[in-house]
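> Contents are compact mmCIF, C-alpha atoms and all ligand atoms; file name model_32.txt:
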```txt
# COMPACT_ATOMS: atom_id res chain seq x y z
CA MET A 29 -29.15 -13.23 182.51
CA ILE A 30 -27.92 -16.21 180.49
CA GLU A 31 -26.15 -19.10 182.11
CA LEU A 32 -24.71 -22.18 180.45
CA GLN A 33 -23.86 -24.95 182.87
CA ASN A 34 -21.53 -27.60 181.56
CA ILE A 35 -23.16 -27.72 178.13
CA SER A 36 -22.23 -30.41 175.62
CA LYS A 37 -24.00 -31.18 172.36
CA THR A 38 -23.61 -34.20 170.13
CA PHE A 39 -25.63 -34.53 166.93
CA ARG A 40 -26.41 -38.08 165.86
CA LYS A 41 -27.31 -39.03 162.32
CA GLY A 42 -27.65 -42.80 162.11
CA SER A 43 -24.32 -44.17 163.29
CA GLU A 44 -22.52 -40.85 162.71
CA GLU A 45 -21.82 -38.53 165.65
CA VAL A 46 -20.79 -34.88 165.52
CA HIS A 47 -19.52 -33.38 168.75
CA ALA A 48 -20.42 -29.73 168.33
CA VAL A 49 -20.04 -28.32 171.84
CA GLU A 50 -17.91 -29.60 174.72
CA ARG A 51 -18.42 -28.65 178.36
CA VAL A 52 -19.14 -24.95 178.01
CA ASN A 53 -19.69 -22.91 181.15
CA LEU A 54 -20.63 -19.30 180.62
CA SER A 55 -22.43 -16.74 182.70
CA VAL A 56 -23.55 -13.55 180.97
CA ASP A 57 -24.30 -10.51 183.11
CA PRO A 58 -27.50 -8.56 182.48
CA HIS A 59 -27.06 -5.53 180.21
CA SER A 60 -23.65 -6.65 178.96
CA ILE A 61 -22.56 -7.23 175.37
CA VAL A 62 -20.61 -10.48 175.03
CA ALA A 63 -18.98 -11.47 171.75
CA LEU A 64 -18.49 -15.16 170.97
CA ILE A 65 -15.72 -15.70 168.49
CA GLY A 66 -14.21 -18.86 167.03
CA PRO A 67 -13.46 -20.68 163.78
CA SER A 68 -16.22 -21.46 161.33
CA GLY A 69 -18.06 -24.72 162.09
CA CYS A 70 -16.91 -24.86 165.72
CA GLY A 71 -20.39 -24.84 167.25
CA LYS A 72 -21.32 -21.18 167.87
CA SER A 73 -24.72 -21.29 166.16
CA THR A 74 -25.42 -24.55 167.97
CA LEU A 75 -24.89 -22.73 171.29
CA LEU A 76 -27.28 -19.92 170.32
CA ASN A 77 -29.88 -22.46 169.17
CA MET A 78 -29.75 -24.07 172.61
CA ILE A 79 -30.13 -20.71 174.37
CA ALA A 80 -33.11 -20.04 172.09
CA GLY A 81 -34.42 -23.44 173.21
CA LEU A 82 -34.70 -24.84 169.68
CA TYR A 83 -33.19 -28.12 170.91
CA PRO A 84 -31.78 -29.26 174.23
CA PRO A 85 -28.12 -29.82 175.05
CA THR A 86 -26.98 -33.45 175.25
CA LYS A 87 -25.51 -32.66 178.65
CA GLY A 88 -25.78 -29.65 180.93
CA LYS A 89 -28.39 -26.97 181.44
CA VAL A 90 -29.24 -23.58 179.96
CA PHE A 91 -30.74 -20.92 182.20
CA TYR A 92 -32.37 -17.73 180.96
CA ASP A 93 -33.25 -15.07 183.50
CA GLY A 94 -33.03 -17.69 186.25
CA GLN A 95 -35.31 -20.18 184.47
CA HIS A 96 -34.18 -23.54 183.13
CA VAL A 97 -34.76 -23.44 179.35
CA THR A 98 -36.66 -26.59 178.41
CA GLY A 99 -38.61 -25.45 175.34
CA VAL A 100 -38.55 -22.61 172.80
CA ASN A 101 -37.38 -19.51 174.63
CA THR A 102 -39.66 -16.79 173.32
CA HIS A 103 -38.26 -14.22 175.77
CA ALA A 104 -34.98 -13.83 173.91
CA GLY A 105 -34.80 -12.10 170.54
CA TYR A 106 -32.94 -14.20 167.98
CA MET A 107 -31.45 -12.95 164.73
CA THR A 108 -30.31 -16.05 162.87
CA GLN A 109 -27.54 -16.18 160.28
CA LYS A 110 -30.07 -16.24 157.41
CA ASP A 111 -32.51 -13.35 157.38
CA ASN A 112 -35.68 -15.31 156.40
CA LEU A 113 -37.71 -12.26 155.32
CA LEU A 114 -40.65 -13.32 153.16
CA PRO A 115 -40.16 -11.87 149.64
CA TRP A 116 -43.88 -11.64 148.88
CA ARG A 117 -44.56 -9.47 151.92
CA THR A 118 -43.91 -5.78 152.28
CA VAL A 119 -41.40 -4.52 154.82
CA ILE A 120 -44.08 -3.53 157.30
CA ASP A 121 -45.85 -6.88 156.97
CA ASN A 122 -42.58 -8.76 157.40
CA VAL A 123 -41.59 -6.83 160.49
CA ALA A 124 -45.11 -7.00 161.95
CA LEU A 125 -45.46 -10.74 161.30
CA PRO A 126 -44.77 -11.88 164.88
CA LEU A 127 -47.39 -9.41 166.17
CA GLU A 128 -49.81 -10.64 163.51
CA ILE A 129 -49.26 -14.24 164.64
CA ALA A 130 -49.77 -13.13 168.23
CA GLY A 131 -53.19 -11.77 167.19
CA VAL A 132 -52.43 -8.04 167.64
CA SER A 133 -54.93 -5.87 165.73
CA GLU A 134 -53.84 -4.37 162.42
CA GLU A 135 -54.05 -0.81 163.73
CA GLU A 136 -51.93 -1.51 166.79
CA ARG A 137 -49.33 -3.60 165.01
CA TYR A 138 -48.88 -1.05 162.23
CA GLU A 139 -48.50 1.74 164.74
CA LYS A 140 -45.85 -0.13 166.72
CA THR A 141 -44.09 -1.35 163.60
CA ARG A 142 -43.93 2.12 162.02
CA LYS A 143 -42.25 3.45 165.16
CA MET A 144 -39.75 0.63 165.18
CA LEU A 145 -38.99 1.06 161.48
CA ALA A 146 -38.21 4.72 162.18
CA GLU A 147 -35.80 3.64 164.93
CA VAL A 148 -33.79 1.65 162.41
CA SER A 149 -34.12 4.38 159.74
CA LEU A 150 -36.43 2.38 157.48
CA ASP A 151 -39.25 4.91 157.57
CA GLY A 152 -40.39 5.51 154.00
CA PHE A 153 -39.72 1.87 153.07
CA GLU A 154 -42.77 0.35 154.78
CA ASP A 155 -44.52 -0.60 151.55
CA LYS A 156 -41.52 -1.92 149.61
CA PHE A 157 -41.25 -5.65 149.16
CA SER A 158 -38.40 -7.18 151.12
CA SER A 159 -36.90 -8.40 147.83
CA GLU A 160 -36.40 -4.73 146.85
CA LEU A 161 -34.18 -3.97 149.87
CA SER A 162 -30.39 -3.78 149.99
CA GLY A 163 -28.44 -6.08 152.31
CA GLY A 164 -28.12 -3.41 155.01
CA MET A 165 -31.84 -2.61 154.85
CA ARG A 166 -32.70 -6.29 155.19
CA LYS A 167 -30.59 -6.46 158.35
CA ARG A 168 -32.32 -3.35 159.70
CA ALA A 169 -35.69 -4.95 159.00
CA CYS A 170 -34.61 -8.10 160.86
CA LEU A 171 -33.39 -6.01 163.80
CA ALA A 172 -36.72 -4.14 163.88
CA ARG A 173 -38.68 -7.40 163.76
CA MET A 174 -36.70 -8.78 166.68
CA LEU A 175 -36.86 -5.56 168.74
CA LEU A 176 -40.66 -5.34 168.41
CA TYR A 177 -40.91 -8.09 171.02
CA GLU A 178 -38.98 -5.85 173.40
CA PRO A 179 -36.76 -8.78 174.38
CA GLN A 180 -34.39 -8.29 177.30
CA ALA A 181 -31.74 -10.38 175.60
CA LEU A 182 -30.66 -10.45 171.97
CA LEU A 183 -28.97 -13.42 170.35
CA LEU A 184 -27.25 -12.19 167.21
CA ASP A 185 -25.63 -14.75 164.92
CA GLU A 186 -23.07 -13.08 162.64
CA PRO A 187 -25.62 -10.35 161.98
CA PHE A 188 -23.41 -8.11 159.89
CA ALA A 189 -21.07 -10.61 158.23
CA ALA A 190 -22.40 -10.19 154.70
CA LEU A 191 -22.28 -6.38 154.68
CA ASP A 192 -19.56 -4.20 153.20
CA ALA A 193 -17.30 -2.27 155.58
CA GLN A 194 -19.24 1.03 155.47
CA LEU A 195 -22.60 -0.62 156.09
CA ARG A 196 -21.14 -2.72 158.85
CA LEU A 197 -19.95 0.41 160.64
CA ALA A 198 -23.36 2.01 160.26
CA MET A 199 -24.94 -1.12 161.78
CA HIS A 200 -22.45 -1.10 164.67
CA ASP A 201 -23.37 2.49 165.37
CA LEU A 202 -27.08 1.65 165.22
CA LEU A 203 -26.72 -1.37 167.49
CA LEU A 204 -24.83 0.64 170.13
CA GLN A 205 -27.41 3.43 169.95
CA LEU A 206 -30.26 0.96 170.45
CA TRP A 207 -28.37 -0.72 173.28
CA THR A 208 -27.73 2.64 174.98
CA GLN A 209 -31.50 3.25 175.01
CA ASN A 210 -32.60 -0.22 176.10
CA ARG A 211 -29.58 -1.93 177.68
CA GLN A 212 -30.47 -5.40 176.52
CA THR A 213 -28.12 -8.27 177.25
CA ILE A 214 -26.50 -9.11 173.91
CA LEU A 215 -24.75 -12.29 172.81
CA LEU A 216 -23.06 -11.57 169.51
CA VAL A 217 -21.54 -14.36 167.45
CA THR A 218 -18.95 -13.03 165.06
CA HIS A 219 -15.82 -14.06 163.20
CA ASP A 220 -14.64 -10.47 163.08
CA LEU A 221 -12.32 -9.52 165.91
CA VAL A 222 -12.51 -5.79 165.11
CA GLU A 223 -16.30 -6.02 165.42
CA ALA A 224 -15.96 -7.88 168.72
CA VAL A 225 -13.59 -5.34 170.30
CA THR A 226 -15.62 -2.41 168.98
CA LEU A 227 -18.93 -3.58 170.41
CA ALA A 228 -18.39 -5.93 173.33
CA ASP A 229 -17.74 -5.69 177.07
CA ARG A 230 -16.28 -9.16 176.96
CA ILE A 231 -14.93 -11.49 174.30
CA VAL A 232 -15.13 -15.26 174.69
CA VAL A 233 -12.92 -17.30 172.36
CA PHE A 234 -13.97 -20.80 171.29
CA SER A 235 -11.76 -23.62 170.08
CA LYS A 236 -12.33 -25.41 166.80
CA ARG A 237 -15.05 -28.09 166.99
CA PRO A 238 -16.17 -29.23 169.48
CA ALA A 239 -16.53 -25.67 170.78
CA SER A 240 -15.02 -25.15 174.20
CA ILE A 241 -13.95 -21.88 175.77
CA THR A 242 -10.23 -21.23 175.44
CA TYR A 243 -10.01 -17.59 176.46
CA ASP A 244 -12.11 -14.88 178.03
CA GLU A 245 -11.15 -11.20 177.88
CA THR A 246 -12.78 -8.10 179.33
CA VAL A 247 -13.02 -5.14 176.96
CA ASP A 248 -12.58 -2.19 179.30
CA ILE A 249 -12.81 0.51 176.64
CA PRO A 250 -15.08 3.28 177.95
CA ARG A 251 -18.49 3.97 176.40
CA PRO A 252 -19.89 5.67 174.47
CA ARG A 253 -17.55 4.37 171.76
CA ASP A 254 -17.14 5.94 168.39
CA VAL A 255 -17.35 2.91 166.10
CA ARG A 256 -15.25 4.63 163.45
CA GLU A 257 -12.47 5.89 165.73
CA VAL A 258 -12.21 3.40 168.58
CA ARG A 259 -10.10 0.97 166.55
CA PHE A 260 -7.28 3.52 166.37
CA THR A 261 -6.88 3.77 170.14
CA GLU A 262 -4.04 2.18 172.07
CA ARG A 263 -6.31 0.16 174.37
CA PHE A 264 -8.14 -1.28 171.35
CA ARG A 265 -4.86 -2.45 169.85
CA GLU A 266 -3.76 -4.09 173.11
CA ILE A 267 -7.03 -5.99 173.52
CA TYR A 268 -7.10 -6.96 169.84
CA ASN A 269 -3.57 -8.36 170.09
CA SER A 270 -4.16 -10.31 173.28
CA VAL A 271 -7.33 -11.95 171.92
CA TRP A 272 -5.68 -12.60 168.55
CA GLU A 273 -2.83 -14.48 170.30
CA HIS A 274 -5.43 -17.05 171.45
CA LEU A 275 -7.62 -16.98 168.37
CA LYS A 276 -4.84 -17.48 165.88
CA ASP A 277 -3.91 -20.82 167.48
CA GLN A 278 -7.37 -22.10 166.59
CA TYR A 279 -6.98 -21.04 162.98
CA ASP A 280 -3.41 -22.37 162.78
CA GLU A 281 -4.47 -25.77 164.06
CA GLU A 282 -7.35 -25.76 161.62
CA ARG A 283 -4.95 -25.42 158.69
CA ILE A 284 -2.79 -28.39 159.63
N1 LIG B 1 -28.78 -30.11 163.19
C1 LIG B 1 -27.56 -30.62 163.00
N2 LIG B 1 -27.34 -31.92 162.72
C2 LIG B 1 -26.11 -32.41 162.54
N3 LIG B 1 -24.97 -31.68 162.63
C3 LIG B 1 -25.11 -30.37 162.89
C4 LIG B 1 -26.40 -29.76 163.10
N4 LIG B 1 -26.21 -28.44 163.36
C5 LIG B 1 -24.88 -28.23 163.34
N5 LIG B 1 -24.22 -29.38 163.06
C6 LIG B 1 -22.76 -29.55 162.97
O1 LIG B 1 -22.21 -29.04 164.18
C7 LIG B 1 -21.01 -28.33 163.92
C8 LIG B 1 -21.09 -26.91 164.45
O2 LIG B 1 -22.01 -26.17 163.66
P1 LIG B 1 -22.37 -24.65 163.94
O3 LIG B 1 -22.84 -24.52 165.34
O4 LIG B 1 -23.32 -24.23 162.87
O5 LIG B 1 -20.96 -23.93 163.77
P2 LIG B 1 -20.60 -22.35 163.71
O6 LIG B 1 -21.86 -21.59 163.91
O7 LIG B 1 -19.57 -22.15 164.76
O8 LIG B 1 -20.01 -22.11 162.34
C9 LIG B 1 -20.78 -28.41 162.41
O9 LIG B 1 -19.90 -29.48 162.15
C10 LIG B 1 -22.16 -28.70 161.87
O10 LIG B 1 -22.08 -29.42 160.66
MG MG B 2 -22.80 -20.31 162.68
```
Could you show the structure in this file as structure tokens?
Ligand SMILES: Nc1ncnc2c1ncn2[C@@H]1O[C@H](COP(=O)(O)OP(=O)(O)O)[C@@H](O)[C@H]1O
Ligand SMILES: [Mg+2]


Amino acid sequence: MIELQNISKTFRKGSEEVHAVERVNLSVDPHSIVALIGPSGCGKSTLLNMIAGLYPPTKGKVFYDGQHVTGVNTHAGYMTQKDNLLPWRTVIDNVALPLEIAGVSEEERYEKTRKMLAEVSLDGFEDKFSSELSGGMRKRACLARMLLYEPQALLLDEPFAALDAQLRLAMHDLLLQLWTQNRQTILLVTHDLVEAVTLADRIVVFSKRPASITYDETVDIPRPRDVREVRFTERFREIYNSVWEHLKDQYDEERI
């Protein structure tokens, strides 16, 4: 579904160069959930931006559903690190914005948006302003806005990082429920290894900058998973430990 072929990215500002990504090869199977984990600043968001087609790699090629990505990839849903809801718009008008831009009639976009808001348990909040929402509700609104496109792939950049532990669990549960219904391909950037093992079929570990893949682990924990209980299972602990062995080296090196 998503294929990165020998991707490198160097940002240039005047004479300064930042090597953000170094020779990344990654092939993501359709309908799978793949977590990308690595130290802060290593180049994870840069990778997602290239899959979303916001800018091209310096070297290598990105393929999405068999097509070479050469411009903005509107087929993939993208939830960026910042939520960019517009504070002067109501929830329904924020979530419906992409449909509004696409010229969908008010009646049709409100109907679709109301259904989607119910899916993420935001029914009853349609007419609130986004500035009146809690952090978890804002994330739900962003999820709804992205899902309205019915994208086959979701690019999620640390979507739940700012939430407290209870809300994060509720969002994990919601994400897995939505995935069970629609089976999108999901690329999830996270710093949280518990989140990665709970949600993913596969965890890919990145080095500190420039990001390159240092480890790749299959998470063979059966589904459906209970997001509150799965972390107490033996298999979870084994996978957590084996990924942590590789991840901790990146953090250790970072400290020196
Ligand atoms: N548009 C840009 N111009 C220059 N440098 C950038 C740009 N975007 C990201 N970088 C740099 O690339 C590196 C990786 O950034 P990023 O992909 O955001 O890391 P992560 O998401 O893993 O925390 C950082 O050093 C960052 O400062
Ligand atoms: Mg980032």

> For a quick check of understanding, using only C-alpha atoms and all ligand atoms, which of A:Val225, A:Leu75, A:Ser149, A:Ala124 has the smallest distance to ligand MG 2 (chain B)?

A:Leu75

> I need the residue nearest Gly164 of chain A from this list: A:Ala193, A:Met78, A:Leu184, A:Ala239. Use all atoms listed in the file for the distance.

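Residue with the minimum atom-to-atom distance to Gly164 of chain A: A:Ala193.
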
> Any residue with an atom at most 7 Å from ligand MG 2 (chain B) counts, using all atoms listed in the file. Which are they? Put them as a list in words.

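Counting all atoms listed in the file, the residues within 7 Å of ligand MG 2 (chain B) come out as Ser68, Gly69, Gly71, Lys72, Ser73, Gln109 and Asp185 of chain A.
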
> Can I get the residues close to ligand LIG 1 (chain B) as a tab-separated table (two decimals) with C-alpha atoms, in the coordinates of the input, where close means within 10 Å and we count only C-alpha atoms and all ligand atoms?


```
chain	number	residue	atom	x	y	z
A	37	LYS	CA	-24.00	-31.18	172.36
A	38	THR	CA	-23.61	-34.20	170.13
A	39	PHE	CA	-25.63	-34.53	166.93
A	40	ARG	CA	-26.41	-38.08	165.86
A	41	LYS	CA	-27.31	-39.03	162.32
A	44	GLU	CA	-22.52	-40.85	162.71
A	45	GLU	CA	-21.82	-38.53	165.65
A	46	VAL	CA	-20.79	-34.88	165.52
A	47	HIS	CA	-19.52	-33.38	168.75
A	48	ALA	CA	-20.42	-29.73	168.33
A	49	VAL	CA	-20.04	-28.32	171.84
A	64	LEU	CA	-18.49	-15.16	170.97
A	65	ILE	CA	-15.72	-15.70	168.49
A	66	GLY	CA	-14.21	-18.86	167.03
A	67	PRO	CA	-13.46	-20.68	163.78
A	68	SER	CA	-16.22	-21.46	161.33
A	69	GLY	CA	-18.06	-24.72	162.09
A	70	CYS	CA	-16.91	-24.86	165.72
A	71	GLY	CA	-20.39	-24.84	167.25
A	72	LYS	CA	-21.32	-21.18	167.87
A	73	SER	CA	-24.72	-21.29	166.16
A	74	THR	CA	-25.42	-24.55	167.97
A	75	LEU	CA	-24.89	-22.73	171.29
A	76	LEU	CA	-27.28	-19.92	170.32
A	77	ASN	CA	-29.88	-22.46	169.17
A	83	TYR	CA	-33.19	-28.12	170.91
A	109	GLN	CA	-27.54	-16.18	160.28
A	185	ASP	CA	-25.63	-14.75	164.92
A	186	GLU	CA	-23.07	-13.08	162.64
A	217	VAL	CA	-21.54	-14.36	167.45
A	218	THR	CA	-18.95	-13.03	165.06
A	219	HIS	CA	-15.82	-14.06	163.20
A	234	PHE	CA	-13.97	-20.80	171.29
A	235	SER	CA	-11.76	-23.62	170.08
A	236	LYS	CA	-12.33	-25.41	166.80
A	237	ARG	CA	-15.05	-28.09	166.99
A	238	PRO	CA	-16.17	-29.23	169.48
A	239	ALA	CA	-16.53	-25.67	170.78
```

> May I ask which of the residues A:Val271, A:Leu195, A:Leu175, A:Val62 is the closest one to Met107 of chain A, counting all atoms listed in the file?

A:Leu175

> Using Å and a single decimal, report how far atom CA of Glu245 of chain A sits from atom CA of Asp277 of chain A.

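For atom CA of Asp277 of chain A relative to atom CA of Glu245 of chain A, the distance reads 15.9 Å.
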
> Identify which of the residues A:Pro58, A:Gly81, A:Pro115, A:Gly131 lies closest to Gly99 of chain A, counting all atoms listed in the file when measuring atom-to-atom distances.

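Among A:Pro58, A:Gly81, A:Pro115, A:Gly131, it is A:Gly81 that comes nearest to Gly99 of chain A.
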
> Distance atom CA of Ala63 of chain A-atom CA of Leu215 of chain A, one decimal place?

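Between atom CA of Ala63 of chain A and atom CA of Leu215 of chain A the gap works out to 5.9 Å.
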
> Report, in Å with one decimal, the straight-line distance from atom CA of Gln33 of chain A to atom CA of Ile241 of chain A.

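Atom CA of Ile241 of chain A lies at a distance of 12.6 Å from atom CA of Gln33 of chain A.
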
> Taking only C-alpha atoms into account, name the residue in A:Ala172, A:Tyr268, A:Ile61, A:Ser159 that is nearest to Leu145 of chain A.

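Once distances to Leu145 of chain A are computed over only C-alpha atoms, the minimum belongs to A:Ala172.
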
> Between A:Arg173, A:Lys89, A:Arg137, A:His59, which is the closest to Thr208 of chain A once you count all atoms listed in the file?

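Result for the nearest residue to Thr208 of chain A: A:His59.
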
> What are the closest atom pairs, with distances in Å to one decimal, for all residues of segment 121-237 of chain A lying within 10 Å of segment 264-267 of chain A? Consider only C-alpha atoms, order rows by chain and residue number, and present the result as a Markdown table.


```
| residue | atom | partner | partner_atom | distance |
| --- | --- | --- | --- | --- |
| A:Leu221 | CA | A:Ile267 | CA | 9.9 |
| A:Val222 | CA | A:Phe264 | CA | 8.9 |
| A:Val225 | CA | A:Phe264 | CA | 6.9 |
| A:Thr226 | CA | A:Phe264 | CA | 7.9 |
| A:Ile231 | CA | A:Ile267 | CA | 9.7 |
```

> Quick one: write out the picked residues with C-alpha atoms as a PDB file, keeping the file's coordinate frame?


```
ATOM      1  CA  LEU A 221     -12.320  -9.520 165.910  1.00  0.00           C
ATOM      2  CA  VAL A 222     -12.510  -5.790 165.110  1.00  0.00           C
ATOM      3  CA  VAL A 225     -13.590  -5.340 170.300  1.00  0.00           C
ATOM      4  CA  THR A 226     -15.620  -2.410 168.980  1.00  0.00           C
ATOM      5  CA  ILE A 231     -14.930 -11.490 174.300  1.00  0.00           C
TER       6      ILE A 231
END
```

> Anything within 8 Å of (-30.8, -19.0, 178.5): list those residues as a list in words, counting all atoms listed in the file and sticking to the file's coordinates.

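Residues lying no farther than 8 Å from the given point: Met29, Ile30, Glu31, Leu32, Met78, Ile79, Ala80, Gly81, Val90, Phe91, Tyr92, Asp93, Gln95, His96, Val97 and Asn101 of chain A.
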
> Take the residues from that selection and put them in a file with C-alpha atoms, as a short mmCIF file (atom, residue, chain, number, x, y, z; two decimals), in the frame of the given file.


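Just written: again-v1.cif:
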```cif
data_model
loop_
_atom_site.label_atom_id
_atom_site.label_comp_id
_atom_site.auth_asym_id
_atom_site.auth_seq_id
_atom_site.Cartn_x
_atom_site.Cartn_y
_atom_site.Cartn_z
CA MET A 29 -29.15 -13.23 182.51
CA ILE A 30 -27.92 -16.21 180.49
CA GLU A 31 -26.15 -19.10 182.11
CA LEU A 32 -24.71 -22.18 180.45
CA MET A 78 -29.75 -24.07 172.61
CA ILE A 79 -30.13 -20.71 174.37
CA ALA A 80 -33.11 -20.04 172.09
CA GLY A 81 -34.42 -23.44 173.21
CA VAL A 90 -29.24 -23.58 179.96
CA PHE A 91 -30.74 -20.92 182.20
CA TYR A 92 -32.37 -17.73 180.96
CA ASP A 93 -33.25 -15.07 183.50
CA GLN A 95 -35.31 -20.18 184.47
CA HIS A 96 -34.18 -23.54 183.13
CA VAL A 97 -34.76 -23.44 179.35
CA ASN A 101 -37.38 -19.51 174.63
#
```

> Place a sphere of radius 7 Å on (-20.4, -8.6, 178.1) in the file coordinates and name every protein, DNA or RNA residue with an atom inside or on its surface, counting all atoms listed in the file; give the answer as a PDB file with C-alpha atoms, in the coordinates of the input.


```
ATOM      1  CA  VAL A  56     -23.550 -13.550 180.970  1.00  0.00           C
ATOM      2  CA  ASP A  57     -24.300 -10.510 183.110  1.00  0.00           C
ATOM      3  CA  SER A  60     -23.650  -6.650 178.960  1.00  0.00           C
ATOM      4  CA  ILE A  61     -22.560  -7.230 175.370  1.00  0.00           C
ATOM      5  CA  VAL A  62     -20.610 -10.480 175.030  1.00  0.00           C
ATOM      6  CA  ALA A 228     -18.390  -5.930 173.330  1.00  0.00           C
ATOM      7  CA  ASP A 229     -17.740  -5.690 177.070  1.00  0.00           C
ATOM      8  CA  ARG A 230     -16.280  -9.160 176.960  1.00  0.00           C
TER       9      ARG A 230
END
```

> How would segment 67-86 of chain A read, as a PDB file, keeping the file's coordinate frame, once N, CA and C atoms are built in?


```
ATOM      1  N   PRO A  67     -13.503 -20.284 165.191  1.00  0.00           N
ATOM      2  CA  PRO A  67     -13.460 -20.680 163.780  1.00  0.00           C
ATOM      3  C   PRO A  67     -14.817 -21.175 163.275  1.00  0.00           C
ATOM      4  N   SER A  68     -14.998 -21.048 161.975  1.00  0.00           N
ATOM      5  CA  SER A  68     -16.220 -21.460 161.330  1.00  0.00           C
ATOM      6  C   SER A  68     -16.471 -22.958 161.574  1.00  0.00           C
ATOM      7  N   GLY A  69     -17.715 -23.305 161.884  1.00  0.00           N
ATOM      8  CA  GLY A  69     -18.060 -24.720 162.090  1.00  0.00           C
ATOM      9  C   GLY A  69     -17.732 -25.237 163.476  1.00  0.00           C
ATOM     10  N   CYS A  70     -17.348 -24.347 164.406  1.00  0.00           N
ATOM     11  CA  CYS A  70     -16.910 -24.860 165.720  1.00  0.00           C
ATOM     12  C   CYS A  70     -18.087 -25.149 166.643  1.00  0.00           C
ATOM     13  N   GLY A  71     -19.234 -24.544 166.399  1.00  0.00           N
ATOM     14  CA  GLY A  71     -20.390 -24.840 167.250  1.00  0.00           C
ATOM     15  C   GLY A  71     -21.048 -23.607 167.858  1.00  0.00           C
ATOM     16  N   LYS A  72     -20.772 -22.428 167.304  1.00  0.00           N
ATOM     17  CA  LYS A  72     -21.320 -21.180 167.870  1.00  0.00           C
ATOM     18  C   LYS A  72     -22.828 -21.080 167.650  1.00  0.00           C
ATOM     19  N   SER A  73     -23.273 -21.370 166.422  1.00  0.00           N
ATOM     20  CA  SER A  73     -24.720 -21.290 166.160  1.00  0.00           C
ATOM     21  C   SER A  73     -25.458 -22.348 166.975  1.00  0.00           C
ATOM     22  N   THR A  74     -24.823 -23.496 167.152  1.00  0.00           N
ATOM     23  CA  THR A  74     -25.420 -24.550 167.970  1.00  0.00           C
ATOM     24  C   THR A  74     -25.682 -24.038 169.392  1.00  0.00           C
ATOM     25  N   LEU A  75     -24.713 -23.299 169.939  1.00  0.00           N
ATOM     26  CA  LEU A  75     -24.890 -22.730 171.290  1.00  0.00           C
ATOM     27  C   LEU A  75     -26.087 -21.774 171.325  1.00  0.00           C
ATOM     28  N   LEU A  76     -26.160 -20.872 170.334  1.00  0.00           N
ATOM     29  CA  LEU A  76     -27.280 -19.920 170.320  1.00  0.00           C
ATOM     30  C   LEU A  76     -28.618 -20.658 170.188  1.00  0.00           C
ATOM     31  N   ASN A  77     -28.636 -21.691 169.335  1.00  0.00           N
ATOM     32  CA  ASN A  77     -29.880 -22.460 169.170  1.00  0.00           C
ATOM     33  C   ASN A  77     -30.336 -23.061 170.497  1.00  0.00           C
ATOM     34  N   MET A  78     -29.376 -23.479 171.315  1.00  0.00           N
ATOM     35  CA  MET A  78     -29.750 -24.070 172.610  1.00  0.00           C
ATOM     36  C   MET A  78     -30.239 -22.995 173.586  1.00  0.00           C
ATOM     37  N   ILE A  79     -29.654 -21.800 173.508  1.00  0.00           N
ATOM     38  CA  ILE A  79     -30.130 -20.710 174.370  1.00  0.00           C
ATOM     39  C   ILE A  79     -31.542 -20.302 173.937  1.00  0.00           C
ATOM     40  N   ALA A  80     -31.778 -20.345 172.618  1.00  0.00           N
ATOM     41  CA  ALA A  80     -33.110 -20.040 172.090  1.00  0.00           C
ATOM     42  C   ALA A  80     -34.081 -21.199 172.335  1.00  0.00           C
ATOM     43  N   GLY A  81     -33.563 -22.302 172.858  1.00  0.00           N
ATOM     44  CA  GLY A  81     -34.420 -23.440 173.210  1.00  0.00           C
ATOM     45  C   GLY A  81     -34.917 -24.234 172.006  1.00  0.00           C
ATOM     46  N   LEU A  82     -34.226 -24.127 170.872  1.00  0.00           N
ATOM     47  CA  LEU A  82     -34.700 -24.840 169.680  1.00  0.00           C
ATOM     48  C   LEU A  82     -34.452 -26.341 169.810  1.00  0.00           C
ATOM     49  N   TYR A  83     -33.398 -26.713 170.522  1.00  0.00           N
ATOM     50  CA  TYR A  83     -33.190 -28.120 170.910  1.00  0.00           C
ATOM     51  C   TYR A  83     -32.386 -28.130 172.191  1.00  0.00           C
ATOM     52  N   PRO A  84     -32.470 -29.235 172.934  1.00  0.00           N
ATOM     53  CA  PRO A  84     -31.780 -29.260 174.230  1.00  0.00           C
ATOM     54  C   PRO A  84     -30.316 -29.665 174.080  1.00  0.00           C
ATOM     55  N   PRO A  85     -29.478 -29.296 175.048  1.00  0.00           N
ATOM     56  CA  PRO A  85     -28.120 -29.820 175.050  1.00  0.00           C
ATOM     57  C   PRO A  85     -28.143 -31.325 175.342  1.00  0.00           C
ATOM     58  N   THR A  86     -27.089 -32.022 174.928  1.00  0.00           N
ATOM     59  CA  THR A  86     -26.980 -33.450 175.250  1.00  0.00           C
ATOM     60  C   THR A  86     -26.664 -33.594 176.740  1.00  0.00           C
TER      61      THR A  86
END
```
